[in-house]
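Engineer: Just one file: target.cif, with mmCIF, C-alpha atoms.
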data_coords
loop_
_atom_site.group_PDB
_atom_site.id
_atom_site.type_symbol
_atom_site.label_atom_id
_atom_site.label_comp_id
_atom_site.auth_asym_id
_atom_site.auth_seq_id
_atom_site.Cartn_x
_atom_site.Cartn_y
_atom_site.Cartn_z
ATOM 1 C CA MET Z 27 0.000 0.000 0.000
ATOM 2 C CA ILE Z 28 1.378 3.409 -0.981
ATOM 3 C CA ASP Z 29 1.694 5.895 1.872
ATOM 4 C CA PHE Z 30 0.170 8.979 0.214
ATOM 5 C CA ILE Z 31 -0.465 10.752 3.507
ATOM 6 C CA GLY Z 32 3.078 10.240 4.768
ATOM 7 C CA LYS Z 33 4.378 12.083 1.720
ATOM 8 C CA ARG Z 34 1.892 14.940 1.932
ATOM 9 C CA VAL Z 35 4.633 17.495 2.722
ATOM 10 C CA TRP Z 36 6.248 16.761 -0.645
ATOM 11 C CA PHE Z 37 2.935 17.044 -2.463
ATOM 12 C CA ALA Z 38 2.065 20.262 -0.647
ATOM 13 C CA GLY Z 39 5.478 21.700 -1.500
ATOM 14 C CA LEU Z 40 5.105 20.832 -5.174
ATOM 15 C CA SER Z 41 1.614 22.326 -5.338
ATOM 16 C CA ALA Z 42 2.771 25.487 -3.533
ATOM 17 C CA ILE Z 43 5.647 25.954 -5.983
ATOM 18 C CA LEU Z 44 3.367 25.478 -8.989
ATOM 19 C CA VAL Z 45 0.688 27.824 -7.626
ATOM 20 C CA ILE Z 46 3.235 30.545 -6.786
ATOM 21 C CA ALA Z 47 4.845 30.190 -10.225
ATOM 22 C CA SER Z 48 1.406 30.434 -11.887
ATOM 23 C CA VAL Z 49 0.476 33.546 -9.895
ATOM 24 C CA LEU Z 50 3.788 35.190 -10.816
ATOM 25 C CA LEU Z 51 3.265 34.373 -14.492
ATOM 26 C CA LEU Z 52 -0.208 35.901 -14.322
ATOM 27 C CA THR Z 53 0.754 39.054 -12.408
ATOM 28 C CA VAL Z 54 4.370 40.050 -13.069
ATOM 29 C CA GLY Z 55 4.980 37.741 -16.019
ATOM 30 C CA PRO Z 56 3.671 37.999 -19.576
ATOM 31 C CA GLY Z 57 0.096 37.290 -18.498
ATOM 32 C CA LEU Z 58 -2.607 35.561 -20.481
ATOM 33 C CA ASN Z 59 -2.825 35.957 -24.234
ATOM 34 C CA GLU Z 60 -6.343 37.376 -24.289
ATOM 35 C CA GLY Z 61 -8.442 36.889 -27.405
ATOM 36 C CA ILE Z 62 -10.874 39.425 -28.816
ATOM 37 C CA ASP Z 63 -13.655 37.959 -26.660
ATOM 38 C CA PHE Z 64 -11.889 39.647 -23.735
ATOM 39 C CA THR Z 65 -10.153 42.637 -25.289
ATOM 40 C CA GLY Z 66 -12.440 43.595 -28.168
ATOM 41 C CA GLY Z 67 -11.180 43.848 -31.728
ATOM 42 C CA THR Z 68 -11.338 41.997 -35.011
ATOM 43 C CA SER Z 69 -9.976 38.557 -35.825
ATOM 44 C CA THR Z 70 -9.425 37.491 -39.422
ATOM 45 C CA THR Z 71 -8.904 33.940 -40.617
ATOM 46 C CA LEU Z 72 -7.157 34.175 -43.964
ATOM 47 C CA GLN Z 73 -6.675 31.395 -46.486
ATOM 48 C CA ILE Z 74 -4.490 32.078 -49.526
ATOM 49 C CA ASN Z 75 -3.948 29.312 -52.051
ATOM 50 C CA ASP Z 76 -0.211 29.858 -52.189
ATOM 51 C CA GLU Z 77 1.985 27.638 -50.024
ATOM 52 C CA ASN Z 78 4.907 30.047 -50.415
ATOM 53 C CA VAL Z 79 3.211 32.965 -48.674
ATOM 54 C CA LYS Z 80 4.971 33.930 -45.431
ATOM 55 C CA THR Z 81 3.914 35.669 -42.238
ATOM 56 C CA ASP Z 82 5.951 38.735 -43.212
ATOM 57 C CA ASP Z 83 4.063 38.931 -46.513
ATOM 58 C CA VAL Z 84 0.727 39.057 -44.701
ATOM 59 C CA ARG Z 85 2.105 41.590 -42.206
ATOM 60 C CA SER Z 86 3.107 43.873 -45.085
ATOM 61 C CA ILE Z 87 -0.391 43.634 -46.571
ATOM 62 C CA PHE Z 88 -2.061 44.579 -43.296
ATOM 63 C CA ALA Z 89 0.451 47.381 -42.730
ATOM 64 C CA GLU Z 90 -0.445 48.766 -46.161
ATOM 65 C CA ALA Z 91 -4.094 48.797 -45.082
ATOM 66 C CA GLY Z 92 -3.233 50.697 -41.894
ATOM 67 C CA PHE Z 93 -2.826 47.812 -39.431
ATOM 68 C CA GLY Z 94 0.917 47.680 -38.909
ATOM 69 C CA ASP Z 95 0.520 46.387 -35.339
ATOM 70 C CA ALA Z 96 -1.573 43.357 -36.356
ATOM 71 C CA LEU Z 97 -0.809 40.117 -34.546
ATOM 72 C CA ILE Z 98 -0.330 37.416 -37.168
ATOM 73 C CA GLN Z 99 -0.078 33.675 -36.585
ATOM 74 C CA SER Z 100 0.486 31.055 -39.256
ATOM 75 C CA THR Z 101 -1.865 28.082 -38.863
ATOM 76 C CA GLY Z 102 -0.816 26.084 -41.900
ATOM 77 C CA GLU Z 103 0.278 26.416 -45.511
ATOM 78 C CA GLY Z 104 -1.282 29.647 -46.769
ATOM 79 C CA SER Z 105 -3.507 29.888 -43.680
ATOM 80 C CA PHE Z 106 -3.202 32.692 -41.122
ATOM 81 C CA PHE Z 107 -4.977 33.996 -38.030
ATOM 82 C CA ILE Z 108 -4.763 37.786 -37.664
ATOM 83 C CA ARG Z 109 -5.926 39.910 -34.743
ATOM 84 C CA THR Z 110 -6.248 43.694 -34.988
ATOM 85 C CA GLU Z 111 -8.147 46.566 -33.442
ATOM 86 C CA VAL Z 112 -11.767 46.846 -34.546
ATOM 87 C CA GLN Z 113 -12.067 47.017 -38.344
ATOM 88 C CA ASN Z 114 -14.892 48.953 -39.950
ATOM 89 C CA GLU Z 115 -16.199 48.226 -43.436
ATOM 90 C CA VAL Z 116 -13.788 50.681 -45.051
ATOM 91 C CA ALA Z 117 -10.803 49.032 -43.358
ATOM 92 C CA GLN Z 118 -11.954 45.562 -44.404
ATOM 93 C CA ASN Z 119 -12.283 46.724 -48.011
ATOM 94 C CA ALA Z 120 -8.786 48.225 -47.810
ATOM 95 C CA ILE Z 121 -7.374 44.915 -46.596
ATOM 96 C CA LEU Z 122 -9.156 42.990 -49.345
ATOM 97 C CA ALA Z 123 -7.868 45.456 -51.947
ATOM 98 C CA ALA Z 124 -4.308 45.055 -50.627
ATOM 99 C CA LEU Z 125 -4.664 41.282 -50.830
ATOM 100 C CA ASN Z 126 -5.876 41.493 -54.419
ATOM 101 C CA ARG Z 127 -2.939 43.729 -55.344
ATOM 102 C CA ALA Z 128 -0.478 41.341 -53.706
ATOM 103 C CA TYR Z 129 -2.014 38.261 -55.367
ATOM 104 C CA PRO Z 130 -3.579 39.493 -58.630
ATOM 105 C CA ASP Z 131 -3.520 36.043 -60.221
ATOM 106 C CA GLN Z 132 -5.930 34.605 -57.653
ATOM 107 C CA THR Z 133 -9.687 34.982 -57.861
ATOM 108 C CA ALA Z 134 -11.795 36.314 -55.016
ATOM 109 C CA SER Z 135 -12.755 32.749 -54.083
ATOM 110 C CA GLU Z 136 -9.083 31.850 -53.677
ATOM 111 C CA ILE Z 137 -8.534 34.597 -51.092
ATOM 112 C CA ARG Z 138 -11.035 33.961 -48.319
ATOM 113 C CA PRO Z 139 -10.845 36.241 -45.291
ATOM 114 C CA GLU Z 140 -13.309 35.326 -42.540
ATOM 115 C CA VAL Z 141 -13.795 38.277 -40.193
ATOM 116 C CA THR Z 142 -15.142 38.334 -36.626
ATOM 117 C CA THR Z 143 -15.498 41.589 -34.693
ATOM 118 C CA VAL Z 144 -16.205 41.982 -30.969
ATOM 119 C CA GLY Z 145 -16.840 45.409 -29.448
ATOM 120 C CA LYS Z 146 -15.283 46.536 -26.167
ATOM 121 C CA SER Z 147 -18.600 46.475 -24.285
ATOM 122 C CA VAL Z 148 -19.227 42.876 -25.378
ATOM 123 C CA ALA Z 149 -15.697 41.932 -24.277
ATOM 124 C CA ASP Z 150 -16.260 43.525 -20.860
ATOM 125 C CA ASP Z 151 -19.519 41.601 -20.491
ATOM 126 C CA THR Z 152 -17.693 38.375 -21.362
ATOM 127 C CA VAL Z 153 -15.136 38.939 -18.612
ATOM 128 C CA SER Z 154 -17.834 39.788 -16.050
ATOM 129 C CA ASN Z 155 -20.027 36.827 -17.001
ATOM 130 C CA SER Z 156 -17.052 34.456 -16.911
ATOM 131 C CA ILE Z 157 -16.118 35.454 -13.369
ATOM 132 C CA GLN Z 158 -19.731 35.185 -12.225
ATOM 133 C CA ALA Z 159 -20.070 31.729 -13.793
ATOM 134 C CA ILE Z 160 -17.005 30.401 -11.965
ATOM 135 C CA VAL Z 161 -18.096 31.921 -8.624
ATOM 136 C CA VAL Z 162 -21.649 30.546 -8.942
ATOM 137 C CA ALA Z 163 -20.317 27.122 -9.920
ATOM 138 C CA SER Z 164 -18.061 27.072 -6.837
ATOM 139 C CA ILE Z 165 -20.950 28.027 -4.534
ATOM 140 C CA PHE Z 166 -23.188 25.271 -5.895
ATOM 141 C CA ILE Z 167 -20.347 22.766 -5.558
ATOM 142 C CA ILE Z 168 -19.968 23.615 -1.859
ATOM 143 C CA LEU Z 169 -23.716 23.341 -1.285
ATOM 144 C CA PHE Z 170 -23.935 20.034 -3.116
ATOM 145 C CA LEU Z 171 -21.074 18.522 -1.133
ATOM 146 C CA PHE Z 172 -22.593 19.781 2.124
ATOM 147 C CA TRP Z 173 -25.744 17.865 1.201
ATOM 148 C CA ALA Z 174 -24.042 14.774 -0.245
ATOM 149 C CA PHE Z 175 -21.819 14.292 2.823
ATOM 150 C CA ARG Z 176 -24.331 15.431 5.435
ATOM 151 C CA SER Z 177 -24.134 12.051 7.193
ATOM 152 C CA VAL Z 178 -20.412 12.580 7.920
ATOM 153 C CA ALA Z 179 -19.202 14.640 10.867
ATOM 154 C CA ALA Z 180 -18.080 18.163 9.838
ATOM 155 C CA ALA Z 181 -19.409 17.712 6.299
ATOM 156 C CA TYR Z 182 -18.489 21.304 5.466
ATOM 157 C CA ARG Z 183 -14.831 20.250 5.385
ATOM 158 C CA TYR Z 184 -15.460 18.119 2.319
ATOM 159 C CA GLY Z 185 -17.069 20.998 0.453
ATOM 160 C CA LEU Z 186 -14.339 23.493 1.321
ATOM 161 C CA ALA Z 187 -11.555 20.989 0.626
ATOM 162 C CA ALA Z 188 -13.042 20.375 -2.832
ATOM 163 C CA VAL Z 189 -13.156 24.127 -3.528
ATOM 164 C CA ILE Z 190 -9.528 24.536 -2.380
ATOM 165 C CA ALA Z 191 -8.535 21.801 -4.831
ATOM 166 C CA LEU Z 192 -10.686 23.468 -7.456
ATOM 167 C CA ALA Z 193 -8.952 26.832 -6.972
ATOM 168 C CA HIS Z 194 -5.620 24.986 -7.212
ATOM 169 C CA ASP Z 195 -6.682 23.482 -10.566
ATOM 170 C CA VAL Z 196 -7.894 26.777 -12.049
ATOM 171 C CA VAL Z 197 -4.745 28.692 -11.025
ATOM 172 C CA LEU Z 198 -2.446 26.017 -12.447
ATOM 173 C CA THR Z 199 -4.445 25.868 -15.680
ATOM 174 C CA LEU Z 200 -4.202 29.642 -16.064
ATOM 175 C CA GLY Z 201 -0.464 29.530 -15.387
ATOM 176 C CA LEU Z 202 -0.019 26.804 -17.987
ATOM 177 C CA PHE Z 203 -1.924 28.883 -20.520
ATOM 178 C CA VAL Z 204 0.427 31.814 -19.964
ATOM 179 C CA ILE Z 205 3.251 29.531 -21.091
ATOM 180 C CA LEU Z 206 1.225 28.094 -23.990
ATOM 181 C CA GLY Z 207 0.340 31.633 -25.059
ATOM 182 C CA GLU Z 208 4.019 32.479 -25.346
ATOM 183 C CA VAL Z 209 5.021 29.203 -26.995
ATOM 184 C CA ILE Z 210 2.180 28.411 -29.430
ATOM 185 C CA GLY Z 211 -0.008 31.524 -29.244
ATOM 186 C CA ALA Z 212 -2.836 29.855 -27.278
ATOM 187 C CA GLU Z 213 -5.579 32.401 -26.543
ATOM 188 C CA VAL Z 214 -7.980 32.903 -23.674
ATOM 189 C CA ASN Z 215 -11.381 33.341 -25.292
ATOM 190 C CA ALA Z 216 -14.990 32.247 -24.856
ATOM 191 C CA SER Z 217 -14.146 28.606 -25.584
ATOM 192 C CA PHE Z 218 -11.477 28.785 -22.881
ATOM 193 C CA ILE Z 219 -14.150 29.734 -20.337
ATOM 194 C CA VAL Z 220 -16.351 26.852 -21.494
ATOM 195 C CA GLY Z 221 -13.350 24.559 -21.133
ATOM 196 C CA THR Z 222 -12.592 25.932 -17.647
ATOM 197 C CA LEU Z 223 -16.150 25.283 -16.490
ATOM 198 C CA THR Z 224 -15.880 21.761 -17.905
ATOM 199 C CA VAL Z 225 -12.616 21.310 -16.006
ATOM 200 C CA ILE Z 226 -14.354 22.442 -12.805
ATOM 201 C CA GLY Z 227 -16.995 19.775 -13.279
ATOM 202 C CA TYR Z 228 -14.436 17.067 -14.060
ATOM 203 C CA SER Z 229 -12.204 18.008 -11.130
ATOM 204 C CA VAL Z 230 -15.083 17.977 -8.661
ATOM 205 C CA ASN Z 231 -16.328 14.645 -10.025
ATOM 206 C CA ASP Z 232 -12.905 13.079 -9.501
ATOM 207 C CA THR Z 233 -12.689 14.560 -5.996
ATOM 208 C CA ILE Z 234 -16.143 13.221 -5.097
ATOM 209 C CA VAL Z 235 -15.065 9.717 -6.127
ATOM 210 C CA VAL Z 236 -12.202 9.899 -3.616
ATOM 211 C CA PHE Z 237 -14.320 11.556 -0.913
ATOM 212 C CA ASP Z 238 -17.070 8.969 -1.313
ATOM 213 C CA ARG Z 239 -14.579 6.172 -0.671
ATOM 214 C CA ILE Z 240 -13.325 8.035 2.421
ATOM 215 C CA ARG Z 241 -16.913 8.393 3.659
ATOM 216 C CA GLU Z 242 -17.635 4.686 3.233
ATOM 217 C CA ASN Z 243 -14.469 3.693 5.093
ATOM 218 C CA VAL Z 244 -15.198 6.159 7.891
ATOM 219 C CA ARG Z 245 -18.645 4.595 8.297
ATOM 220 C CA LEU Z 246 -17.062 1.163 8.854
ATOM 221 C CA GLY Z 247 -15.670 2.509 12.130
ATOM 222 C CA THR Z 248 -12.595 0.261 12.305
ATOM 223 C CA GLY Z 249 -11.030 2.351 15.062
ATOM 224 C CA ARG Z 250 -8.105 3.420 12.893
ATOM 225 C CA SER Z 251 -6.891 6.999 12.690
ATOM 226 C CA PHE Z 252 -8.415 9.312 10.106
ATOM 227 C CA ARG Z 253 -5.137 9.526 8.182
ATOM 228 C CA ALA Z 254 -5.034 5.713 7.906
ATOM 229 C CA VAL Z 255 -8.608 5.670 6.618
ATOM 230 C CA VAL Z 256 -7.851 8.361 4.028
ATOM 231 C CA ASN Z 257 -4.684 6.603 2.911
ATOM 232 C CA GLN Z 258 -6.577 3.337 2.412
ATOM 233 C CA SER Z 259 -9.298 5.174 0.504
ATOM 234 C CA LEU Z 260 -6.749 6.765 -1.821
ATOM 235 C CA ASN Z 261 -5.163 3.390 -2.560
ATOM 236 C CA GLU Z 262 -8.587 1.907 -3.287
ATOM 237 C CA SER Z 263 -9.711 4.700 -5.617
ATOM 238 C CA ILE Z 264 -6.509 5.726 -7.397
ATOM 239 C CA MET Z 265 -6.726 3.135 -10.178
ATOM 240 C CA ARG Z 266 -10.289 4.155 -10.973
ATOM 241 C CA SER Z 267 -9.279 7.816 -11.115
ATOM 242 C CA LEU Z 268 -6.222 7.119 -13.255
ATOM 243 C CA GLY Z 269 -8.175 4.823 -15.580
ATOM 244 C CA THR Z 270 -10.920 7.377 -16.148
ATOM 245 C CA SER Z 271 -8.411 10.176 -16.678
ATOM 246 C CA PHE Z 272 -6.302 8.103 -19.070
ATOM 247 C CA THR Z 273 -9.209 7.154 -21.335
ATOM 248 C CA THR Z 274 -10.493 10.739 -21.307
ATOM 249 C CA GLY Z 275 -7.017 12.050 -22.083
ATOM 250 C CA VAL Z 276 -6.601 9.650 -25.029
ATOM 251 C CA VAL Z 277 -9.807 10.952 -26.621
ATOM 252 C CA ILE Z 278 -8.738 14.588 -26.104
ATOM 253 C CA VAL Z 279 -5.283 13.954 -27.586
ATOM 254 C CA ALA Z 280 -6.870 12.273 -30.611
ATOM 255 C CA MET Z 281 -9.116 15.307 -31.118
ATOM 256 C CA LEU Z 282 -6.090 17.602 -30.743
ATOM 257 C CA LEU Z 283 -4.279 15.712 -33.480
ATOM 258 C CA PHE Z 284 -7.186 15.597 -35.917
ATOM 259 C CA GLY Z 285 -9.605 18.316 -34.791
ATOM 260 C CA GLY Z 286 -7.908 21.286 -36.404
ATOM 261 C CA GLU Z 287 -6.951 24.723 -35.082
ATOM 262 C CA THR Z 288 -10.484 25.813 -34.220
ATOM 263 C CA LEU Z 289 -10.796 23.423 -31.281
ATOM 264 C CA ARG Z 290 -7.147 23.507 -30.207
ATOM 265 C CA ASP Z 291 -7.314 25.933 -27.267
ATOM 266 C CA PHE Z 292 -10.534 24.408 -25.935
ATOM 267 C CA LEU Z 293 -9.034 20.912 -26.029
ATOM 268 C CA LEU Z 294 -5.813 22.098 -24.391
ATOM 269 C CA VAL Z 295 -7.866 23.413 -21.460
ATOM 270 C CA LEU Z 296 -9.636 20.068 -21.150
ATOM 271 C CA LEU Z 297 -6.396 18.090 -21.308
ATOM 272 C CA ALA Z 298 -4.736 20.293 -18.693
ATOM 273 C CA GLY Z 299 -7.820 20.038 -16.499
ATOM 274 C CA VAL Z 300 -7.916 16.236 -16.683
ATOM 275 C CA VAL Z 301 -4.269 15.912 -15.631
ATOM 276 C CA ILE Z 302 -4.327 18.617 -12.953
ATOM 277 C CA GLY Z 303 -7.757 17.583 -11.647
ATOM 278 C CA THR Z 304 -6.658 13.972 -11.176
ATOM 279 C CA TYR Z 305 -3.553 15.125 -9.324
ATOM 280 C CA SER Z 306 -5.454 17.499 -7.041
ATOM 281 C CA SER Z 307 -8.172 15.020 -6.045
ATOM 282 C CA ILE Z 308 -5.516 12.692 -4.630
ATOM 283 C CA PHE Z 309 -2.669 14.966 -3.609
ATOM 284 C CA VAL Z 310 -4.519 18.151 -2.636
ATOM 285 C CA ALA Z 311 -8.167 17.632 -1.632
ATOM 286 C CA ALA Z 312 -7.611 14.484 0.444
ATOM 287 C CA GLN Z 313 -4.484 15.944 2.055
ATOM 288 C CA VAL Z 314 -6.449 19.066 3.075
ATOM 289 C CA LEU Z 315 -8.963 16.832 4.867
ATOM 290 C CA VAL Z 316 -6.220 15.116 6.862
ATOM 291 C CA PHE Z 317 -4.475 18.390 7.687
ATOM 292 C CA TRP Z 318 -7.762 19.896 8.831
ATOM 293 C CA GLU Z 319 -8.615 16.862 10.959
ATOM 294 C CA GLU Z 320 -5.230 16.736 12.679
ATOM 295 C CA ARG Z 321 -4.359 20.404 13.034
ATOM 296 C CA GLY Z 322 -7.552 22.372 12.606
ATOM 297 C CA LEU Z 323 -8.341 25.164 10.165
ATOM 298 C CA PHE Z 324 -5.448 27.440 11.141
ATOM 299 C CA GLY Z 325 -2.772 24.811 11.493
ATOM 300 C CA ARG Z 326 -2.863 24.427 15.296
ATOM 301 C CA ARG Z 327 -2.635 20.838 16.465
ATOM 302 C CA ARG Z 328 -5.854 19.631 18.012
ATOM 303 C CA PRO Z 329 -5.788 19.070 21.781
ATOM 304 C CA ALA Z 330 -6.399 15.329 21.451
ATOM 305 C CA GLU Z 331 -3.191 15.004 19.443
ATOM 306 C CA ALA Z 332 -1.111 17.609 21.234
ATOM 307 C CA ASN Z 333 1.083 14.940 22.737
#
Show me the file's structure as structure tokens.

Structural biologist:
Amino acid sequence: MIDFIGKRVWFAGLSAILVIASVLLLTVGPGLNEGIDFTGGTSTTLQINDENVKTDDVRSIFAEAGFGDALIQSTGEGSFFIRTEVQNEVAQNAILAALNRAYPDQTASEIRPEVTTVGKSVADDTVSNSIQAIVVASIFIILFLFWAFRSVAAAYRYGLAAVIALAHDVVLTLGLFVILGEVIGAEVNASFIVGTLTVIGYSVNDTIVVFDRIRENVRLGTGRSFRAVVNQSLNESIMRSLGTSFTTGVVIVAMLLFGGETLRDFLLVLLAGVVIGTYSSIFVAAQVLVFWEERGLFGRRRPAEAN
């Protein structure tokens, strides 16, 4: 039997390092690569039937149309994703005219810009609604766990431990996306929020599986210490958690390989959430329960165990 609880200091240290690193990346580091859903602006998906066209060529075209600061990302041969400030109809016509001058041999159907524009007020609403959705989801998770574990002494600990693990997962996912934004240009957009909410649900589900096993073993009343009960429960549930996460991860990786650029950022959130959520249900949520039982909420050893 693996002694998960005996190694909780190592797990806590690793989680603390990762959380601190994520917070630093978000605050003093480069920060998240926000998409137009959050900042407002216009995104253009451009397909040119010329495999020799380069990013610098597209940048020159947009600069000619008055968008010299456009952010341009190549997504394949002749395919580009461009983000600029809000484009009006005149600006879009100027860009199309510049494209036609640069590639006069191609017909209009061979140069296909797909334009999406989001105003600043809509972007602000997206940010506000996203925060509210995460807060509301967390509140309902606490309430559900209070109800589901109401037969266990101090049931509120299970709900709060799950939310602590949940906050751990969200912070680490955000930190990872800062790195992915710098490396592959991953963006935080509306699909990212949908993915984050999905991750919240998956993480809580995995945590409940572990907590349910702890509850059943506590009910048996074998006279063992709480840490021994939790450690047994983790050993009994870890293969189920790993099996579920592995099969889910395989499907997500397959979709990443064959799903195209449109779903990439959403799937990356899901994949990160599956890995981090599985880790936190075993090495964060359960460890918080043991720490709380043995030392209390503020880290002071309980009187019964003072000696």

Engineer: What lies within 12 Å of Phe166 of chain Z using only C-alpha atoms, ignoring chain neighbours under 5 positions off, as JSON, numbers by chain?

Structural biologist: {"Z": [159, 160, 161, 171, 172, 173, 174, 185, 186, 188, 189, 226, 227, 230]}

Engineer: Which residue, Z:Ile168, Z:Ile219, Z:Ile74, Z:Ala163, has the smallest gap to Leu122 of chain Z when you use all atoms listed in the file?

Structural biologist: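 Selected residue with least distance to Leu122 of chain Z: Z:Ile74.
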
Engineer: Which residue out of Z:Pro130, Z:Gly94, Z:Gly104, Z:Gly201 has the minimum interatomic distance to Ile43 of chain Z when all atoms listed in the file are used?

Structural biologist: Z:Gly201

Engineer: Report the distance between atom CA of Phe317 of chain Z and atom CA of Glu262 of chain Z in Å, rounded to one decimal place.

Structural biologist: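 Distance reported for this atom pair: 20.2 Å.
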
Engineer: Evaluate the PyMOL selection byres ((chain Z and resi 231) around 12) against this structure - the residues, as an MDAnalysis selection string, please.

Structural biologist: chainID Z and resid 167 170:171 188:189 191:192 224:230 232:238 267 270:271 299:300 303:304 306:307

Engineer: Report, in Å to a single decimal, how far apart atom CA of Leu51 of chain Z and atom CA of Ile108 of chain Z are.

Structural biologist: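 For atom CA of Ile108 of chain Z relative to atom CA of Leu51 of chain Z, the distance reads 24.8 Å.
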
Engineer: Specify as a list in words each residue included when the PyMOL selection byres ((chain Z and resi 206) around 12) is applied to this file.

Structural biologist: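 Selection result, ordered by chain and number: Leu51, Pro56, Gly57, Leu58, Asn59, Glu60, Thr199, Leu200, Gly201, Leu202, Phe203, Val204, Ile205, Gly207, Glu208, Val209, Ile210, Gly211, Ala212, Glu213, Val214, Arg290, Asp291, Leu294, Val295 and Ala298 of chain Z.
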
Engineer: When you count only C-alpha atoms, which of these residues is closest to Thr110 of chain Z: Z:Phe284, Z:Phe93, Z:Tyr129, Z:Tyr184?

Structural biologist: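 Among Z:Phe284, Z:Phe93, Z:Tyr129, Z:Tyr184, it is Z:Phe93 that comes nearest to Thr110 of chain Z.
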
Engineer: Enter the distance from atom CA of Thr53 of chain Z to atom CA of Ser41 of chain Z, in Å, rounded to one decimal.

Structural biologist: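 Pair atom CA of Thr53 of chain Z / atom CA of Ser41 of chain Z returns 18.2 Å.
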